[in-house]
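Q: Input file: run13.pdb. Contents: PDB, C-alpha atoms, pLDDT in the B column.
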ATOM      1  CA  MET A  14       0.000   0.000   0.000  1.00 78.00           C
ATOM      2  CA  SER A  15       2.719   2.487   0.912  1.00 83.00           C
ATOM      3  CA  VAL A  16       4.628   1.632  -2.264  1.00 86.00           C
ATOM      4  CA  MET A  17       1.580   2.474  -4.369  1.00 85.00           C
ATOM      5  CA  LEU A  18       1.152   5.774  -2.511  1.00 85.00           C
ATOM      6  CA  ALA A  19       4.809   6.634  -3.081  1.00 83.00           C
ATOM      7  CA  ILE A  20       4.485   5.886  -6.799  1.00 83.00           C
ATOM      8  CA  TYR A  21       1.277   7.925  -7.034  1.00 80.00           C
ATOM      9  CA  LEU A  22       2.810  10.941  -5.301  1.00 81.00           C
ATOM     10  CA  GLY A  23       6.280  10.611  -6.847  1.00 80.00           C
ATOM     11  CA  TRP A  24       5.269   9.998 -10.473  1.00 75.00           C
ATOM     12  CA  PRO A  25       4.626  13.684 -11.359  1.00 72.00           C
ATOM     13  CA  LEU A  26       7.899  14.695  -9.707  1.00 74.00           C
ATOM     14  CA  ALA A  27       9.923  12.094 -11.569  1.00 75.00           C
ATOM     15  CA  PHE A  28       8.245  12.292 -14.971  1.00 75.00           C
ATOM     16  CA  GLY A  29       6.743  15.777 -14.989  1.00 70.00           C
ATOM     17  CA  GLY A  30       3.135  16.708 -15.242  1.00 63.00           C
ATOM     18  CA  LYS A  31       0.814  19.106 -13.542  1.00 59.00           C
ATOM     19  CA  GLN A  32       1.011  19.278  -9.770  1.00 55.00           C
ATOM     20  CA  ARG A  33      -2.454  18.093  -8.682  1.00 54.00           C
ATOM     21  CA  GLY A  34      -1.903  17.893  -4.946  1.00 57.00           C
ATOM     22  CA  LEU A  35      -3.310  21.311  -4.071  1.00 57.00           C
ATOM     23  CA  GLU A  36      -6.433  21.358  -6.238  1.00 58.00           C
ATOM     24  CA  THR A  37      -9.840  21.726  -4.744  1.00 58.00           C
ATOM     25  CA  PRO A  38     -12.470  19.119  -5.683  1.00 61.00           C
ATOM     26  CA  ALA A  39     -14.167  21.679  -7.964  1.00 61.00           C
ATOM     27  CA  GLU A  40     -10.903  22.306  -9.807  1.00 61.00           C
ATOM     28  CA  ALA A  41     -10.321  18.589 -10.164  1.00 59.00           C
ATOM     29  CA  ARG A  42     -13.741  18.231 -11.859  1.00 61.00           C
ATOM     30  CA  GLY A  43     -12.973  21.170 -14.153  1.00 64.00           C
ATOM     31  CA  VAL A  44     -15.599  23.496 -12.699  1.00 58.00           C
ATOM     32  CA  VAL A  45     -14.805  27.122 -13.395  1.00 59.00           C
ATOM     33  CA  ALA A  46     -15.905  29.815 -10.978  1.00 58.00           C
ATOM     34  CA  ALA A  47     -18.016  32.575 -12.489  1.00 63.00           C
ATOM     35  CA  PRO A  48     -17.379  36.170 -11.401  1.00 62.00           C
ATOM     36  CA  VAL A  49     -19.953  37.580  -9.036  1.00 61.00           C
ATOM     37  CA  SER A  50     -21.595  40.774 -10.216  1.00 65.00           C
ATOM     38  CA  ALA A  51     -21.982  43.723  -7.894  1.00 61.00           C
ATOM     39  CA  ALA A  52     -24.993  43.296  -5.655  1.00 62.00           C
ATOM     40  CA  LYS A  53     -27.867  45.665  -6.313  1.00 66.00           C
ATOM     41  CA  HIS A  54     -29.426  47.539  -3.465  1.00 67.00           C
ATOM     42  CA  THR A  55     -32.442  45.543  -2.403  1.00 66.00           C
ATOM     43  CA  ARG A  56     -34.859  45.828   0.421  1.00 65.00           C
ATOM     44  CA  PRO A  57     -35.268  42.809   2.675  1.00 62.00           C
ATOM     45  CA  VAL A  58     -38.421  40.841   2.061  1.00 61.00           C
ATOM     46  CA  VAL A  59     -40.569  40.485   5.137  1.00 61.00           C
ATOM     47  CA  MET A  60     -42.353  37.178   5.319  1.00 62.00           C
ATOM     48  CA  ALA A  61     -45.864  37.425   6.671  1.00 59.00           C
ATOM     49  CA  LYS A  62     -45.745  34.076   8.380  1.00 63.00           C
ATOM     50  CA  LEU A  63     -42.642  32.022   9.047  1.00 67.00           C
ATOM     51  CA  ALA A  64     -43.174  28.322   8.606  1.00 71.00           C
ATOM     52  CA  ALA A  65     -41.850  26.025  11.271  1.00 72.00           C
ATOM     53  CA  PRO A  66     -38.593  24.396  10.145  1.00 78.00           C
ATOM     54  CA  VAL A  67     -39.079  20.841   8.950  1.00 82.00           C
ATOM     55  CA  ARG A  68     -36.815  18.380  10.688  1.00 83.00           C
ATOM     56  CA  PRO A  69     -35.262  15.848   8.348  1.00 84.00           C
ATOM     57  CA  GLU A  70     -36.055  12.208   8.870  1.00 87.00           C
ATOM     58  CA  SER A  71     -33.464  10.471  11.029  1.00 93.00           C
ATOM     59  CA  CYS A  72     -31.290   7.771   9.521  1.00 94.00           C
ATOM     60  CA  TYR A  73     -32.826   5.118  11.783  1.00 94.00           C
ATOM     61  CA  LYS A  74     -36.397   6.107  10.878  1.00 94.00           C
ATOM     62  CA  ARG A  75     -35.482   5.897   7.182  1.00 94.00           C
ATOM     63  CA  TYR A  76     -33.869   2.488   7.795  1.00 95.00           C
ATOM     64  CA  GLN A  77     -37.039   1.207   9.489  1.00 95.00           C
ATOM     65  CA  ARG A  78     -39.155   2.482   6.588  1.00 93.00           C
ATOM     66  CA  GLU A  79     -36.856   0.853   4.007  1.00 93.00           C
ATOM     67  CA  VAL A  80     -36.811  -2.511   5.834  1.00 94.00           C
ATOM     68  CA  LYS A  81     -40.624  -2.619   5.882  1.00 94.00           C
ATOM     69  CA  LEU A  82     -40.558  -2.481   2.080  1.00 93.00           C
ATOM     70  CA  CYS A  83     -38.314  -5.585   1.825  1.00 93.00           C
ATOM     71  CA  THR A  84     -40.405  -8.609   0.868  1.00 91.00           C
ATOM     72  CA  GLY A  85     -40.156 -11.747  -1.190  1.00 90.00           C
ATOM     73  CA  ALA A  86     -37.183 -13.877  -2.115  1.00 91.00           C
ATOM     74  CA  THR A  87     -34.746 -10.943  -1.997  1.00 91.00           C
ATOM     75  CA  ALA A  88     -35.758  -9.711   1.462  1.00 92.00           C
ATOM     76  CA  ALA A  89     -32.456 -10.669   3.091  1.00 93.00           C
ATOM     77  CA  ALA A  90     -30.413  -8.859   0.446  1.00 94.00           C
ATOM     78  CA  CYS A  91     -32.759  -5.878   0.633  1.00 94.00           C
ATOM     79  CA  LYS A  92     -32.363  -5.666   4.419  1.00 94.00           C
ATOM     80  CA  LEU A  93     -28.590  -5.928   4.101  1.00 95.00           C
ATOM     81  CA  GLY A  94     -28.603  -3.086   1.570  1.00 94.00           C
ATOM     82  CA  ALA A  95     -30.796  -0.993   3.852  1.00 94.00           C
ATOM     83  CA  ALA A  96     -28.376  -1.610   6.722  1.00 95.00           C
ATOM     84  CA  ASP A  97     -25.493  -0.506   4.504  1.00 95.00           C
ATOM     85  CA  HIS A  98     -27.372   2.655   3.542  1.00 95.00           C
ATOM     86  CA  TRP A  99     -28.151   3.291   7.210  1.00 95.00           C
ATOM     87  CA  ASP A 100     -24.446   3.064   8.026  1.00 95.00           C
ATOM     88  CA  MET A 101     -23.581   5.482   5.209  1.00 94.00           C
ATOM     89  CA  CYS A 102     -26.306   7.857   6.376  1.00 94.00           C
ATOM     90  CA  GLU A 103     -24.959   7.851   9.929  1.00 94.00           C
ATOM     91  CA  ALA A 104     -21.462   8.589   8.610  1.00 93.00           C
ATOM     92  CA  THR A 105     -22.354  11.303   6.082  1.00 93.00           C
ATOM     93  CA  GLY A 106     -25.741  12.615   7.199  1.00 90.00           C
ATOM     94  CA  PHE A 107     -27.357  11.781   3.843  1.00 90.00           C
ATOM     95  CA  TRP A 108     -29.226   8.676   2.706  1.00 91.00           C
ATOM     96  CA  PRO A 109     -27.485   7.318  -0.420  1.00 90.00           C
ATOM     97  CA  ASN A 110     -29.520   6.870  -3.593  1.00 83.00           C
TER
END
Could you spell out this file's structure in structure tokens?
A:
Amino acid sequence: MSVMLAIYLGWPLAFGGKQRGLETPAEARGVVAAPVSAAKHTRPVVMAKLAAPVRPESCYKRYQREVKLCTGATAAACKLGAADHWDMCEATGFWPN
């Protein structure tokens, strides 16, 4: 593993190439930032009635809902996939698609 990391990091130094170590993820994907125009003077919009913030569904509640949908011959695999998604949700805060 460490040999592969050394080759990966040392290859551009030994054989040239663009230094990619300090790029942001957006730069790595080739996303170009657009210039921001000067903000116009605007008046703040007053909302007549503020809605109560909606709390997102917890990862465990989503897991329970997904497991209830698992039926038939593939129920075990479906439950295993739901458990994997639950784990990813707990780690990242988002349920994977």
Q: Atom CA of Gly106 of chain A and atom CA of Glu79 of chain A, how far apart in Å?
A: 16.5 Å
Q: Quick check, in Å to one decimal: how far apart do atom CA of Glu70 of chain A and atom CA of Ala86 of chain A lie?
A: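 It comes out at 28.3 Å.
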Q: Between atom CA of Asp97 of chain A and atom CA of Lys81 of chain A, what distance in Å does the model show, to one decimal?
A: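 That distance, rounded to one decimal, is 15.3 Å.
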Q: Choose the residue, out of A:Trp99, A:Pro25, A:Ile20, A:Trp108, that has the smallest atom-to-atom separation from Tyr73 of chain A; count all atoms listed in the file.
A: A:Trp99
Q: When distances are computed from all atoms listed in the file, which of A:Arg78, A:Ala64, A:Thr84, A:Ala19 shows the smallest separation from Ala96 of chain A?
A: A:Arg78
Q: Within 8 Å of Pro109 of chain A, counting all atoms listed in the file, which residues qualify if same-chain residues fewer than 5 places away don't, as a PyMOL selection string?
A: chain A and resi 98+101-102
